[in-house]
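I have placed the structure first, in the form of structure tokens, so that the comments after it can refer back to it.
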Amino acid sequence: MLTNKNYFLADESATIALGKKLANIVKSQLKAGIVVYLYGDLGAGKTTLTRGFVQGMGHIGHVKSPTYTLVEPYELNDWLVYHFDLYRLSDPEELEYMGIRDYFAHNCCCFIEWPEKGEGMIKEPDLRIDLAYSEEQRTINVQAKTALGEQILIALADS
């Protein structure tokens with residue numbers, strides 16, 4: 001049983017590459033949406049990792065942080081990817097007003113920055129990813145929180 005894996009990523013491109021690996025696993029092996037909680041200080045690489053995932057799912061173009069909009073949607077063929085940034089959320093109840101439950105369907109992948117701000121209103125994660133930033137380098141700890149998350153960790157270890 002694999003529930004935890006650490007990565008050392010030398011630079012931004014390595015962080016994007018890990019996001020693309022996650023996307024490939026979701027598309028080719030799982031064929032189901034996932035929920036990922038992202039933890040780390042400002043500048044730790046949460047949006048960079050998400051950018052790699054969104055691009056790996058087939059998005060062409062800019063991937064920005066949804067700091068002021070709370071969520072940035074990406075409609076990609078058979079998939080919906082939602083990138084949440086709850087940093088500026090003042091009350092988790094606000095998520096109810098935006099229809100948060102609709103974002104967690106079978107074909108949806110949700111990457112949630114600052115998930116503690118939405119506690120009690122968002123679905124539990126398949127993966128918890130903690131990112132730490134040191135100059136251009138990042139350390140990432142990926143934890144499986146569900147059986148689906150465990151499948152992802154095993155696939156990442158095999159890739």
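As shown in the structure tokens, the chain order sets the letters A, B, ...; within each chain, residues go from 1, and ligands are also counted from 1 in the order they appear.
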* Asked: Leaving out range 91-105 of chain A and any residue of its chain fewer than 6 positions from it, which residues lie within 8 Å of it when counting only C-alpha atoms, given as a ChimeraX atom specification?
  -> /A:33,35,82,117-123
* To do: Using DSSP on the backbone coordinates, identify the residues of chain A assigned to strand (DSSP E); present them as JSON, numbers by chain.
  => {"A": [4, 5, 6, 7, 8, 9, 35, 36, 37, 38, 39, 71, 72, 73, 74, 75, 76, 79, 80, 81, 82, 83, 84, 85, 108, 109, 110, 111, 112, 113, 127, 128, 129, 130, 131, 132, 133, 134, 137, 138, 139, 140, 141, 142, 143, 144]}
For the interface of range 8-98 of chain A with range 131-140 of chain A (cut-off 9 Å, counting only C-alpha atoms), please tabulate each contacting residue of range 8-98 of chain A alongside its nearest pair of atoms and their separation in Å to one decimal, rows sorted by chain and increasing number, as a tab-separated table.
residue	atom	partner	partner_atom	distance
A:Phe8	CA	A:Thr139	CA	4.6
A:Leu9	CA	A:Arg138	CA	5.1
A:Ala10	CA	A:Gln137	CA	4.7
A:Asp11	CA	A:Gln137	CA	5.1
A:Glu12	CA	A:Glu136	CA	7.0
A:Thr15	CA	A:Arg138	CA	7.8
A:Leu38	CA	A:Leu131	CA	7.5
A:Tyr39	CA	A:Leu131	CA	6.1
A:Gly40	CA	A:Leu131	CA	5.0
A:Asp41	CA	A:Ala132	CA	7.2
A:Leu42	CA	A:Tyr133	CA	8.9
A:Gly43	CA	A:Tyr133	CA	7.0
A:Ala44	CA	A:Tyr133	CA	4.5
A:Gly45	CA	A:Leu131	CA	6.6
A:Lys46	CA	A:Leu131	CA	7.0
Export of the given selection (C-alpha atoms) as a PDB file, in the first residue's frame:
ATOM      1  CA  PHE A   8      12.313  16.943  -5.445  1.00  0.00           C
ATOM      2  CA  LEU A   9      11.675  19.193  -8.433  1.00  0.00           C
ATOM      3  CA  ALA A  10      14.609  21.200  -9.710  1.00  0.00           C
ATOM      4  CA  ASP A  11      12.642  24.009 -11.359  1.00  0.00           C
ATOM      5  CA  GLU A  12       9.336  25.264 -12.716  1.00  0.00           C
ATOM      6  CA  THR A  15       6.763  21.046 -11.543  1.00  0.00           C
ATOM      7  CA  LEU A  38      -2.901  21.975  -2.656  1.00  0.00           C
ATOM      8  CA  TYR A  39      -1.009  23.339   0.341  1.00  0.00           C
ATOM      9  CA  GLY A  40       1.972  25.672   0.408  1.00  0.00           C
ATOM     10  CA  ASP A  41       2.992  29.255   0.937  1.00  0.00           C
ATOM     11  CA  LEU A  42       2.462  31.897  -1.704  1.00  0.00           C
ATOM     12  CA  GLY A  43       4.866  31.171  -4.549  1.00  0.00           C
ATOM     13  CA  ALA A  44       5.344  27.512  -3.616  1.00  0.00           C
ATOM     14  CA  GLY A  45       4.176  26.216  -7.001  1.00  0.00           C
ATOM     15  CA  LYS A  46       0.493  25.359  -6.502  1.00  0.00           C
TER      16      LYS A  46
END
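Closest to Leu148 in chain A among A:Glu113, A:Gln29, A:Gly19, A:Leu49 is A:Gln29, based on only C-alpha atoms.
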* For Gln151 in chain A, which of A:Phe53, A:Asp126, A:Asn24, A:Lys64 is the closest residue, counting only C-alpha atoms? -> A:Asp126
* **range 74-77 of chain A environment, 10 Å, only C-alpha atoms, sequence neighbours closer than 3 positions dropped, as a list in words** =>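 Near neighbours after the sequence-gap exclusion: Val54, Gln55, Met57, Gly58, His59, Ile60, Val63, Val71, Leu80, Val81, Tyr82, His83, Cys108 and Cys109 of chain A.
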Selection above as a file: N, CA and C atoms, as a compact mmCIF listing (two decimals), in the first residue's frame:
# COMPACT_ATOMS: atom_id res chain seq x y z
N VAL A 54 -3.54 21.04 -16.22
CA VAL A 54 -4.50 21.57 -17.19
C VAL A 54 -3.94 21.42 -18.61
N GLN A 55 -2.68 21.73 -18.80
CA GLN A 55 -2.07 21.56 -20.13
C GLN A 55 -2.01 20.09 -20.51
N MET A 57 -4.09 17.88 -19.73
CA MET A 57 -5.45 17.45 -20.07
C MET A 57 -5.86 17.96 -21.45
N GLY A 58 -5.02 18.82 -22.07
CA GLY A 58 -5.29 19.25 -23.44
C GLY A 58 -5.52 20.73 -23.63
N HIS A 59 -5.45 21.53 -22.58
CA HIS A 59 -5.66 22.96 -22.73
C HIS A 59 -4.47 23.62 -23.42
N ILE A 60 -4.79 24.46 -24.38
CA ILE A 60 -3.77 25.25 -25.06
C ILE A 60 -4.05 26.69 -24.68
N VAL A 63 -2.86 29.57 -18.37
CA VAL A 63 -3.49 29.05 -17.16
C VAL A 63 -3.12 30.01 -16.05
N VAL A 71 -12.67 30.55 -8.87
CA VAL A 71 -12.53 29.35 -9.69
C VAL A 71 -12.31 29.74 -11.14
N LEU A 80 -13.79 18.27 -17.48
CA LEU A 80 -13.89 19.62 -16.92
C LEU A 80 -12.84 19.70 -15.83
N VAL A 81 -12.01 20.73 -15.90
CA VAL A 81 -11.00 20.94 -14.86
C VAL A 81 -11.33 22.28 -14.21
N TYR A 82 -11.39 22.27 -12.89
CA TYR A 82 -11.66 23.48 -12.12
C TYR A 82 -10.48 23.76 -11.21
N HIS A 83 -9.96 24.95 -11.33
CA HIS A 83 -8.84 25.39 -10.50
C HIS A 83 -9.39 26.43 -9.52
N CYS A 108 -15.06 15.56 -13.62
CA CYS A 108 -14.45 16.82 -13.18
C CYS A 108 -13.19 16.56 -12.36
N CYS A 109 -12.18 17.34 -12.65
CA CYS A 109 -10.95 17.33 -11.86
C CYS A 109 -10.85 18.68 -11.18
* Asked: Nearest to Thr50 in chain A: which of A:Ala32, A:Ala155, A:Ile16, A:Leu86 is it, counting only C-alpha atoms?
  ->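 Nearest to Thr50 in chain A: A:Ile16.
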* To do: Based on DSSP run over this structure's backbone, return all residues of range 33-128 of chain A in helix (DSSP H, G or I), as a PyMOL selection string.
  => chain A and resi 46-56+93-97+100-103+115-118
Just C-alpha atoms for this one: save the residues we selected as a compact mmCIF listing (two decimals), in the first residue's frame.
# COMPACT_ATOMS: atom_id res chain seq x y z
CA LYS A 46 0.49 25.36 -6.50
CA THR A 47 -0.62 27.17 -9.65
CA THR A 48 2.41 25.91 -11.57
CA LEU A 49 1.54 22.29 -10.78
CA THR A 50 -2.08 22.94 -11.74
CA ARG A 51 -0.93 24.57 -14.99
CA GLY A 52 0.91 21.37 -15.89
CA PHE A 53 -2.19 19.31 -15.16
CA VAL A 54 -4.50 21.57 -17.19
CA GLN A 55 -2.07 21.56 -20.13
CA GLY A 56 -1.68 17.79 -19.81
CA GLU A 93 -20.88 29.48 3.07
CA GLU A 94 -20.05 31.62 0.02
CA LEU A 95 -19.22 28.38 -1.80
CA GLU A 96 -22.80 27.18 -1.36
CA TYR A 97 -24.05 30.25 -3.20
CA ILE A 100 -19.92 24.25 -5.22
CA ARG A 101 -21.42 20.74 -5.25
CA ASP A 102 -21.92 20.91 -9.01
CA TYR A 103 -18.17 21.06 -9.51
CA PRO A 115 -8.75 24.20 0.89
CA GLU A 116 -8.87 24.89 4.63
CA LYS A 117 -10.82 28.06 3.80
CA GLY A 118 -13.66 25.94 2.37
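Of the listed residues (A:Ile25, A:Leu18, A:Ser65, A:Tyr7), A:Ile25 comes nearest to Gly149 in chain A; the distances count only C-alpha atoms.
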* To do: Quick one: everything within 8 Å of Pro66 in chain A, counting only C-alpha atoms, minus sequence neighbours fewer than 6 positions away in the same chain. Send it as a PyMOL selection string.
  => chain A and resi 72+83-85
Just write the chosen residues, C-alpha atoms, as a PDB file, in the first residue's frame.
ATOM      1  CA  GLU A  72     -11.152  29.162 -13.203  1.00  0.00           C
ATOM      2  CA  HIS A  83      -8.844  25.392 -10.497  1.00  0.00           C
ATOM      3  CA  PHE A  84      -9.975  26.905  -7.212  1.00  0.00           C
ATOM      4  CA  ASP A  85      -8.080  29.471  -5.167  1.00  0.00           C
TER       5      ASP A  85
END
* Provide the CA of Ile129 in chain A to CA of Tyr87 in chain A distance in Å, to one decimal place. =>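 CA of Tyr87 in chain A lies at a distance of 16.3 Å from CA of Ile129 in chain A.
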